[in-house]
>>> print(open('entry_31.tsv').read())   # TSV, C-alpha atoms
chain	number	residue	atom	x	y	z
A	1	MET	CA	28.82	40.17	-14.27
A	2	LEU	CA	28.46	36.88	-12.36
A	3	SER	CA	32.09	35.87	-12.88
A	4	LYS	CA	33.27	39.27	-11.60
A	5	ASP	CA	30.92	39.01	-8.63
A	6	ILE	CA	32.33	35.60	-7.74
A	7	LYS	CA	35.91	36.88	-8.10
A	8	TRP	CA	35.39	39.82	-5.76
A	9	MET	CA	33.29	37.80	-3.30
A	10	ASN	CA	36.04	35.19	-3.02
A	11	ILE	CA	38.46	37.94	-2.03
A	12	ALA	CA	35.95	39.25	0.51
A	13	LEU	CA	35.65	35.74	1.94
A	14	ARG	CA	39.43	35.60	2.43
A	15	LEU	CA	39.20	38.87	4.33
A	16	ALA	CA	36.42	37.45	6.51
A	17	ASP	CA	38.59	34.43	7.31
A	18	ARG	CA	41.30	36.58	8.89
A	19	ASN	CA	39.70	36.93	12.32
A	20	ILE	CA	37.68	33.73	12.59
A	21	GLY	CA	37.62	32.69	16.24
A	22	ASN	CA	38.25	36.19	17.55
A	23	VAL	CA	35.10	38.21	16.92
A	24	TYR	CA	32.40	36.49	18.98
A	25	PRO	CA	29.53	37.12	19.60
A	26	ASN	CA	29.57	38.60	16.08
A	27	PRO	CA	30.09	36.81	12.77
A	28	SER	CA	33.33	37.35	10.88
A	29	VAL	CA	32.58	39.40	7.77
A	30	GLY	CA	34.67	40.56	4.81
A	31	CYS	CA	33.84	43.62	2.71
A	32	LEU	CA	35.23	45.08	-0.53
A	33	ILE	CA	34.29	48.36	-2.19
A	34	ILE	CA	34.92	48.32	-5.95
A	35	LYS	CA	34.85	51.29	-8.31
A	36	ASN	CA	35.93	51.17	-11.95
A	37	ASP	CA	37.26	47.63	-11.35
A	38	ARG	CA	39.57	48.85	-8.59
A	39	VAL	CA	39.50	48.23	-4.86
A	40	VAL	CA	38.87	51.56	-3.13
A	41	GLY	CA	38.06	50.13	0.29
A	42	ARG	CA	38.30	46.86	2.16
A	43	GLY	CA	37.44	45.74	5.65
A	44	TRP	CA	36.94	42.75	7.89
A	45	THR	CA	35.39	42.36	11.33
A	46	GLN	CA	37.96	43.42	13.89
A	47	LEU	CA	38.99	41.61	17.08
A	48	GLY	CA	36.14	41.54	19.56
A	49	GLY	CA	33.57	42.05	16.80
A	50	ARG	CA	33.95	45.79	16.17
A	51	PRO	CA	34.24	47.80	14.05
A	52	HIS	CA	32.22	45.91	11.46
A	53	ALA	CA	33.73	45.09	8.07
A	54	GLU	CA	31.51	47.56	6.18
A	55	ALA	CA	32.41	50.43	8.51
A	56	MET	CA	36.12	49.73	8.08
A	57	ALA	CA	35.81	49.55	4.28
A	58	LEU	CA	33.76	52.74	4.07
A	59	ARG	CA	36.31	54.66	6.15
A	60	GLN	CA	39.05	53.53	3.78
A	61	ALA	CA	37.05	54.36	0.66
A	62	GLY	CA	35.91	57.80	1.81
A	63	PRO	CA	34.18	59.74	-1.01
A	64	ASN	CA	35.15	57.01	-3.49
A	65	ALA	CA	32.32	54.89	-2.07
A	66	LYS	CA	29.77	57.02	-3.93
A	67	GLY	CA	28.53	55.12	-6.97
A	68	ALA	CA	30.61	52.04	-6.07
A	69	THR	CA	29.72	48.37	-5.72
A	70	VAL	CA	30.05	46.81	-2.28
A	71	TYR	CA	30.75	43.10	-1.74
A	72	SER	CA	29.83	41.84	1.73
A	73	THR	CA	30.04	38.19	2.76
A	74	LEU	CA	27.08	38.69	5.11
A	75	GLU	CA	23.95	40.78	4.79
A	76	PRO	CA	24.66	44.22	6.30
A	77	CYS	CA	23.05	44.76	9.69
A	78	SER	CA	19.89	46.88	9.78
A	79	HIS	CA	19.44	47.29	13.54
A	80	PHE	CA	20.98	49.40	16.27
A	81	GLY	CA	23.28	47.34	18.48
A	82	GLN	CA	26.50	48.62	20.02
A	83	THR	CA	27.08	50.35	16.68
A	84	PRO	CA	24.67	52.01	14.21
A	85	PRO	CA	23.31	49.92	11.31
A	86	CYS	CA	25.78	49.28	8.50
A	87	CYS	CA	22.87	49.65	6.06
A	88	ASP	CA	22.47	53.29	7.05
A	89	ALA	CA	26.18	53.94	6.54
A	90	LEU	CA	26.11	52.31	3.09
A	91	ILE	CA	23.06	54.33	2.06
A	92	ALA	CA	24.59	57.56	3.33
A	93	ALA	CA	27.79	56.83	1.39
A	94	GLY	CA	25.80	56.70	-1.84
A	95	ILE	CA	26.78	53.23	-3.03
A	96	LYS	CA	25.18	52.05	-6.26
A	97	ARG	CA	25.10	48.27	-5.76
A	98	LEU	CA	25.43	45.70	-2.98
A	99	VAL	CA	26.46	42.10	-3.61
A	100	GLY	CA	25.83	39.84	-0.63
A	101	GLY	CA	27.03	36.37	0.25
A	102	MET	CA	24.53	35.03	2.77
A	103	ARG	CA	21.49	36.32	4.60
A	104	ASP	CA	22.08	37.14	8.26
A	105	PRO	CA	20.18	34.53	10.35
A	106	ASP	CA	19.92	36.96	13.28
A	107	PRO	CA	16.15	37.59	13.61
A	108	ARG	CA	16.89	41.31	14.02
A	109	VAL	CA	18.17	41.29	10.43
A	110	ASN	CA	17.17	38.17	8.44
A	111	GLY	CA	16.50	39.90	5.11
A	112	ASN	CA	15.74	43.35	6.49
A	113	GLY	CA	19.20	44.59	5.55
A	114	PHE	CA	18.78	43.69	1.90
A	115	LEU	CA	15.22	45.10	1.93
A	116	LYS	CA	16.33	48.41	3.44
A	117	LEU	CA	19.00	48.85	0.77
A	118	ARG	CA	16.56	48.04	-2.03
A	119	GLN	CA	14.04	50.51	-0.62
A	120	ALA	CA	16.78	53.17	-0.77
A	121	GLY	CA	17.18	52.52	-4.51
A	122	ILE	CA	20.33	50.43	-4.25
A	123	GLU	CA	20.62	47.41	-6.54
A	124	VAL	CA	21.05	44.26	-4.42
A	125	THR	CA	22.33	40.87	-5.61
A	126	ASP	CA	22.42	38.25	-2.88
A	127	GLY	CA	23.40	34.58	-2.62
A	128	ILE	CA	26.81	34.95	-4.30
A	129	GLN	CA	29.06	32.17	-2.95
A	130	GLU	CA	26.39	31.58	-0.30
A	131	GLY	CA	27.61	28.08	0.53
A	132	LEU	CA	31.17	29.23	1.25
A	133	ALA	CA	29.92	32.23	3.21
A	134	THR	CA	27.69	30.01	5.34
A	135	GLU	CA	30.45	27.46	5.96
A	136	LEU	CA	32.79	30.23	7.06
A	137	ASN	CA	30.35	31.38	9.74
A	138	ASN	CA	28.73	28.04	10.54
A	139	GLY	CA	29.36	28.59	14.24
A	140	PHE	CA	27.47	31.88	14.18
A	141	VAL	CA	24.63	30.22	12.26
A	142	SER	CA	24.52	27.35	14.77
A	143	LYS	CA	24.49	29.75	17.72
A	144	ILE	CA	21.48	31.57	16.25
A	145	LYS	CA	19.49	28.62	14.90
A	146	ASN	CA	20.45	25.74	17.21
A	147	LYS	CA	21.40	27.66	20.37
A	148	THR	CA	24.70	25.78	20.48
A	149	PRO	CA	28.21	26.44	19.11
A	150	ILE	CA	29.95	24.35	16.49
A	151	VAL	CA	32.08	21.66	18.19
A	152	THR	CA	35.42	20.41	16.84
A	153	LEU	CA	37.04	17.43	18.55
A	154	LYS	CA	40.82	17.30	18.20
A	155	LEU	CA	42.68	14.00	18.58
A	156	ALA	CA	46.46	13.45	18.51
A	157	THR	CA	47.04	9.72	18.18
A	158	SER	CA	49.31	6.89	17.17
A	159	ILE	CA	48.49	4.71	14.15
A	160	ASP	CA	46.52	2.43	16.49
A	161	SER	CA	44.51	5.37	17.91
A	162	LYS	CA	46.28	5.64	21.25
A	163	ILE	CA	46.93	8.95	23.01
A	164	SER	CA	49.32	7.74	25.70
A	165	THR	CA	51.33	4.76	26.92
A	166	LYS	CA	50.00	2.49	29.66
A	167	MET	CA	51.88	4.71	32.14
A	168	GLY	CA	50.10	7.81	30.85
A	169	GLU	CA	53.03	9.33	28.94
A	170	SER	CA	51.75	11.44	26.02
A	171	LYS	CA	54.33	14.18	25.38
A	172	TRP	CA	54.83	14.12	22.54
A	173	ILE	CA	53.09	11.67	20.24
A	174	THR	CA	53.05	14.08	17.28
A	175	GLY	CA	55.84	16.32	16.02
A	176	ASN	CA	56.48	20.05	15.95
A	177	GLN	CA	54.49	20.80	12.79
A	178	ALA	CA	51.42	19.02	14.13
A	179	ARG	CA	51.64	20.88	17.45
A	180	HIS	CA	52.06	24.15	15.55
A	181	SER	CA	48.86	23.31	13.66
A	182	VAL	CA	47.01	22.63	16.93
A	183	HIS	CA	47.94	26.07	18.27
A	184	PHE	CA	46.79	27.64	15.03
A	185	GLN	CA	43.45	25.85	15.45
A	186	ARG	CA	43.21	27.24	18.96
A	187	SER	CA	43.61	30.74	17.55
A	188	ARG	CA	40.62	30.12	15.23
A	189	HIS	CA	38.15	28.97	17.90
A	190	ASP	CA	36.22	31.08	20.37
A	191	ALA	CA	36.71	28.56	23.17
A	192	ILE	CA	38.73	25.48	24.07
A	193	LEU	CA	37.25	22.81	26.34
A	194	THR	CA	38.64	19.97	28.42
A	195	GLY	CA	37.80	17.99	31.54
A	196	ILE	CA	39.25	18.07	35.01
A	197	GLY	CA	40.98	14.73	34.36
A	198	THR	CA	43.19	16.31	31.71
A	199	VAL	CA	43.85	19.33	33.92
A	200	ILE	CA	45.03	17.12	36.78
A	201	ALA	CA	47.02	14.72	34.59
A	202	ASP	CA	48.72	17.19	32.22
A	203	ASP	CA	48.41	20.64	33.88
A	204	PRO	CA	47.93	22.32	30.48
A	205	MET	CA	47.74	26.04	29.68
A	206	LEU	CA	45.32	25.65	26.73
A	207	ASN	CA	46.39	28.96	25.21
A	208	CYS	CA	47.82	29.86	21.81
A	209	ARG	CA	51.60	30.16	21.92
A	210	LEU	CA	52.32	30.89	18.27
A	211	LYS	CA	54.47	33.97	17.78
A	212	GLY	CA	52.26	36.88	16.72
A	213	LEU	CA	49.02	35.12	17.69
A	214	GLU	CA	49.40	35.16	21.46
A	215	ASN	CA	46.50	37.61	21.75
A	216	ARG	CA	44.19	35.14	20.01
A	217	SER	CA	43.99	32.52	22.74
A	218	PRO	CA	40.51	31.05	23.13
A	219	VAL	CA	38.31	31.23	26.20
A	220	ARG	CA	39.28	28.24	28.35
A	221	VAL	CA	36.42	26.01	29.50
A	222	ILE	CA	36.86	23.28	32.12
A	223	LEU	CA	34.28	20.66	33.11
A	224	ASP	CA	34.79	19.95	36.81
A	225	THR	CA	31.86	18.37	38.67
A	226	LYS	CA	33.28	18.80	42.18
A	227	LEU	CA	35.76	21.69	41.66
A	228	LYS	CA	38.84	19.49	42.00
A	229	ILE	CA	40.98	22.01	40.14
A	230	SER	CA	43.85	23.31	42.23
A	231	ALA	CA	44.78	26.96	42.56
A	232	LYS	CA	48.29	25.78	41.67
A	233	ASN	CA	47.25	24.42	38.27
A	234	GLN	CA	48.40	26.57	35.35
A	235	ILE	CA	44.78	27.08	34.29
A	236	ALA	CA	43.96	28.66	37.64
A	237	SER	CA	47.16	30.62	38.15
A	238	SER	CA	46.88	32.24	34.71
A	239	ALA	CA	43.14	33.01	34.88
A	240	ALA	CA	43.78	36.73	35.31
A	241	GLU	CA	45.47	36.71	31.89
A	242	TYR	CA	43.24	34.29	29.98
A	243	GLU	CA	39.46	34.20	30.30
A	244	THR	CA	38.56	30.96	32.06
A	245	ILE	CA	35.19	29.36	32.82
A	246	VAL	CA	34.78	26.31	35.04
A	247	PHE	CA	31.47	24.46	34.82
A	248	THR	CA	30.58	22.61	37.98
A	249	THR	CA	27.54	21.36	39.90
A	250	ASN	CA	26.01	21.78	43.33
A	251	GLU	CA	28.38	19.02	44.46
A	252	ALA	CA	31.14	21.64	44.60
A	253	LYS	CA	32.00	23.40	47.84
A	254	HIS	CA	31.24	27.11	48.06
A	255	ARG	CA	34.55	27.86	49.80
A	256	LYS	CA	36.48	26.43	46.84
A	257	GLN	CA	34.38	28.50	44.43
A	258	VAL	CA	35.24	31.72	46.28
A	259	GLN	CA	38.94	30.82	46.20
A	260	LEU	CA	38.89	30.24	42.45
A	261	GLU	CA	36.83	33.34	41.72
A	262	LYS	CA	39.47	35.44	43.48
A	263	LEU	CA	41.95	34.16	40.89
A	264	GLY	CA	39.71	35.44	38.08
A	265	ILE	CA	37.93	32.19	37.19
A	266	LYS	CA	34.24	32.39	36.34
A	267	ILE	CA	32.27	29.57	37.96
A	268	GLU	CA	29.08	28.29	36.33
A	269	ARG	CA	26.95	25.85	38.33
A	270	ILE	CA	24.67	23.76	36.10
A	271	GLU	CA	22.64	20.58	36.39
A	272	MET	CA	24.11	17.09	36.43
A	273	ASP	CA	23.55	14.29	33.93
A	274	LYS	CA	22.27	10.86	35.00
A	275	ASN	CA	25.82	9.86	35.97
A	276	GLY	CA	26.25	12.82	38.30
A	277	ARG	CA	28.57	14.75	35.96
A	278	VAL	CA	28.29	18.17	34.37
A	279	LEU	CA	25.56	18.08	31.71
A	280	ILE	CA	27.41	18.78	28.46
A	281	ASN	CA	24.35	19.95	26.53
A	282	SER	CA	23.75	22.63	29.15
A	283	VAL	CA	27.41	23.66	28.97
A	284	LEU	CA	27.14	24.23	25.21
A	285	ALA	CA	23.81	26.07	25.55
A	286	THR	CA	25.31	28.35	28.20
A	287	LEU	CA	28.35	29.07	26.04
A	288	ALA	CA	26.11	29.92	23.08
A	289	GLY	CA	24.07	32.19	25.34
A	290	ASN	CA	27.31	34.01	26.14
A	291	GLY	CA	28.00	34.47	22.42
A	292	ILE	CA	30.48	31.62	21.89
A	293	THR	CA	30.16	30.26	18.34
A	294	SER	CA	32.90	27.60	18.17
A	295	VAL	CA	34.45	25.18	20.67
A	296	LEU	CA	37.63	23.12	20.25
A	297	VAL	CA	37.59	20.03	22.47
A	298	GLU	CA	41.01	18.76	23.59
A	299	SER	CA	40.38	16.06	26.14
A	300	GLY	CA	41.01	12.53	27.27
A	301	GLY	CA	39.25	9.49	25.87
A	302	GLN	CA	36.32	9.49	28.28
A	303	LEU	CA	35.16	13.05	27.57
A	304	ALA	CA	35.82	12.61	23.84
A	305	ALA	CA	33.58	9.53	23.91
A	306	GLU	CA	30.83	11.43	25.69
A	307	PHE	CA	30.82	14.15	23.02
A	308	ILE	CA	30.67	11.46	20.32
A	309	ARG	CA	27.95	9.48	22.12
A	310	LEU	CA	25.80	12.58	22.47
A	311	ASN	CA	26.29	13.33	18.75
A	312	LEU	CA	27.69	16.76	19.55
A	313	VAL	CA	30.83	16.66	17.37
A	314	ASP	CA	30.54	18.60	14.12
A	315	TYR	CA	34.17	18.26	13.02
A	316	LEU	CA	37.04	15.92	13.86
A	317	LEU	CA	40.70	16.92	13.59
A	318	VAL	CA	42.74	13.71	13.74
A	319	TYR	CA	46.51	14.19	14.00
A	320	CYS	CA	48.15	10.80	13.43
A	321	ALA	CA	51.79	10.01	14.19
A	322	PRO	CA	53.55	7.08	12.45
A	323	ILE	CA	54.04	5.06	15.64
A	324	VAL	CA	52.32	2.10	17.30
A	325	ILE	CA	51.75	2.11	21.06
A	326	GLY	CA	49.79	-1.10	21.56
A	327	GLY	CA	46.61	-2.26	23.21
A	328	ASP	CA	47.57	-1.25	26.74
A	329	GLY	CA	47.84	2.43	25.75
A	330	GLY	CA	45.23	5.07	26.42
A	331	ASP	CA	42.36	5.17	23.93
A	332	ALA	CA	41.70	8.35	21.96
A	333	ILE	CA	37.97	7.67	22.29
A	334	ALA	CA	36.70	5.41	25.06
A	335	SER	CA	33.69	3.15	24.79
A	336	VAL	CA	30.48	4.69	23.45
A	337	GLY	CA	28.39	1.58	24.05
A	338	LEU	CA	27.65	0.52	20.48
A	339	ASN	CA	26.22	-2.96	19.90
A	340	LYS	CA	25.61	-2.79	16.15
A	341	LEU	CA	27.72	-1.44	13.31
A	342	ASP	CA	24.80	0.49	11.85
A	343	MET	CA	24.74	2.52	15.08
A	344	ALA	CA	28.25	3.88	14.41
A	345	PHE	CA	28.63	7.64	14.14
A	346	PRO	CA	29.22	8.64	10.48
A	347	PHE	CA	31.77	11.25	9.37
A	348	GLU	CA	33.01	12.37	5.96
A	349	ARG	CA	36.72	13.02	5.38
A	350	ILE	CA	36.98	16.45	3.78
A	351	LYS	CA	40.72	17.17	3.92
A	352	THR	CA	44.08	15.45	4.35
A	353	GLU	CA	47.36	17.24	5.09
A	354	ASN	CA	50.95	16.10	5.61
A	355	LEU	CA	52.55	17.81	8.61
A	356	GLY	CA	56.14	16.67	8.58
A	357	ILE	CA	56.04	12.96	9.39
A	358	ASP	CA	52.50	13.25	10.79
A	359	LEU	CA	49.13	13.30	9.05
A	360	LEU	CA	46.12	15.55	9.72
A	361	GLU	CA	42.73	14.31	8.58
A	362	THR	CA	39.71	16.58	8.89
A	363	TYR	CA	36.25	15.04	9.10
A	364	LYS	CA	32.77	16.55	9.03
A	365	ARG	CA	29.76	14.89	10.61
A	366	ARG	CA	27.40	13.35	8.06
A	367	VAL	CA	23.84	14.47	8.71
>>> encode(input="entry_31.tsv", output="structure tokens")
Amino acid sequence: MLSKDIKWMNIALRLADRNIGNVYPNPSVGCLIIKNDRVVGRGWTQLGGRPHAEAMALRQAGPNAKGATVYSTLEPCSHFGQTPPCCDALIAAGIKRLVGGMRDPDPRVNGNGFLKLRQAGIEVTDGIQEGLATELNNGFVSKIKNKTPIVTLKLATSIDSKISTKMGESKWITGNQARHSVHFQRSRHDAILTGIGTVIADDPMLNCRLKGLENRSPVRVILDTKLKISAKNQIASSAAEYETIVFTTNEAKHRKQVQLEKLGIKIERIEMDKNGRVLINSVLATLAGNGITSVLVESGGQLAAEFIRLNLVDYLLVYCAPIVIGGDGGDAIASVGLNKLDMAFPFERIKTENLGIDLLETYKRRV
């Protein structure tokens, strides 16, 4: 039984992975309905978070759900939100058994879904592939438990960790395959974040431009202490098409805020840090409060260093091109003020990929 449960749960996890980065504030869930060793229904959380995976799978299964076994990567919800509880739908469908991946950390659920199913006479087996299920939705877990999204810092560098020449030229250090990978990563994150320095220097769009994934662009987040962003910047001029939030402080002029809001930009005024800049911890807390579960940081060396210094980076994506720029180039990560080696910030390399002539190394913060 266990080997079959693992087999079907692994397939459900692949379904859950389909819409990662596009279902906030909800988790991304996969669901399979199995009867007589055949798939009679399957579902995954749809764009925007609804319908839920279980509802989609039950619709597909129809009357075949009666007496079937359901595999869900996350504990089915037991509360009324914008949709009725999935537990009630599963009970009404007459399923015989529920196999769950991880418990839902949402305090409105947190074991109550499994309990409700058991009380209805349904056999429940939970904790199947729990580690993989939790890793898949680690941003959702972090939002609930830590009140902050998961943060991934992306770097595109030369062999000597430079992101530009001394004149500021940076397009393009890495090749087409690496840039394709970056856009794919954008499609898998709820939000993308940069600072006003990058906006002024590069005038980026920060959207996903992969064919077929254009509708999966992340929410764009800009840190801009004094609202220096111009209405002519691509970020501002495209704000009606792509959700955009600019975090600023009381140093910003109200007239400029009104101008930007007319373009469709949401302005969030928050407190300053000791250096008079936007307080990054408050930015992340505000994003989590708005349901954001994952943030991809694509910035210059100064902002990257601040995220590292504050120990806010959960994952590093390091795209490395086989070129050397030299000591007068722009640093991927600026100074973080370390005096001793044992104060360095530890990461574990968890994956290495060849992307044409470039290399992508993925790191996870060691706790």
>>> closest_atom_pairs(input="entry_31.tsv", of="segment 133-198 of chain A", to="segment 342-354 of chain A", cutoff="12 Å", atoms="only C-alpha atoms", output="CSV")
residue,atom,partner,partner_atom,distance
A:Gly175,CA,A:Asn354,CA,11.5
A:Gln177,CA,A:Asn354,CA,9.3
A:Ala178,CA,A:Asn354,CA,9.0
A:Ser181,CA,A:Glu353,CA,10.6
>>> closest_residue(input="entry_31.tsv", among="A:Asn110, A:Ser217, A:Gln234, A:Asn26", to="Pro51 of chain A", atoms="only C-alpha atoms")
A:Asn26
>>> residues_around(input="entry_31.tsv", residues="Glu243 of chain A", least_positions_apart="2", cutoff="8 Å", atoms="only C-alpha atoms", output="mmCIF file with C-alpha atoms, keeping the file's coordinate frame")
data_model
loop_
_atom_site.group_PDB
_atom_site.id
_atom_site.type_symbol
_atom_site.label_atom_id
_atom_site.label_comp_id
_atom_site.auth_asym_id
_atom_site.auth_seq_id
_atom_site.Cartn_x
_atom_site.Cartn_y
_atom_site.Cartn_z
ATOM 1 C CA PRO A 218 40.510 31.050 23.130
ATOM 2 C CA VAL A 219 38.310 31.230 26.200
ATOM 3 C CA ARG A 220 39.280 28.240 28.350
ATOM 4 C CA ALA A 239 43.140 33.010 34.880
ATOM 5 C CA ALA A 240 43.780 36.730 35.310
ATOM 6 C CA GLU A 241 45.470 36.710 31.890
ATOM 7 C CA ILE A 245 35.190 29.360 32.820
ATOM 8 C CA GLY A 264 39.710 35.440 38.080
ATOM 9 C CA ILE A 265 37.930 32.190 37.190
#
>>> closest_residue(input="entry_31.tsv", among="A:Val99, A:Ala120, A:Val39, A:Ile91", to="Asn64 of chain A", atoms="only C-alpha atoms")
A:Val39
>>> atom_distance(input="entry_31.tsv", atom1="atom CA of Val29 of chain A", atom2="atom CA of Val318 of chain A")
28.3 Å
>>> closest_residue(input="entry_31.tsv", among="A:Asp190, A:Asp314, A:Asp331, A:Glu123", to="Gln302 of chain A", atoms="all atoms listed in the file")
A:Asp331
>>> residues_near_point(input="entry_31.tsv", point="(28.2, 25.7, 31.2)", cutoff="7 Å", atoms="only C-alpha atoms", output="list in words")
Phe247, Glu268, Ile270, Ser282, Val283, Leu284, Thr286 and Leu287 of chain A
>>> residues_around(input="entry_31.tsv", residues="Leu355 of chain A", least_positions_apart="4", cutoff="12 Å", atoms="all atoms listed in the file", output="PyMOL selection string")
chain A and resi 174-182+318-322+359-361
>>> atom_distance(input="entry_31.tsv", atom1="atom CA of Leu263 of chain A", atom2="atom CA of Ile229 of chain A")
12.2 Å
>>> atom_distance(input="entry_31.tsv", atom1="atom CA of Ile173 of chain A", atom2="atom CA of Lys211 of chain A")
22.5 Å
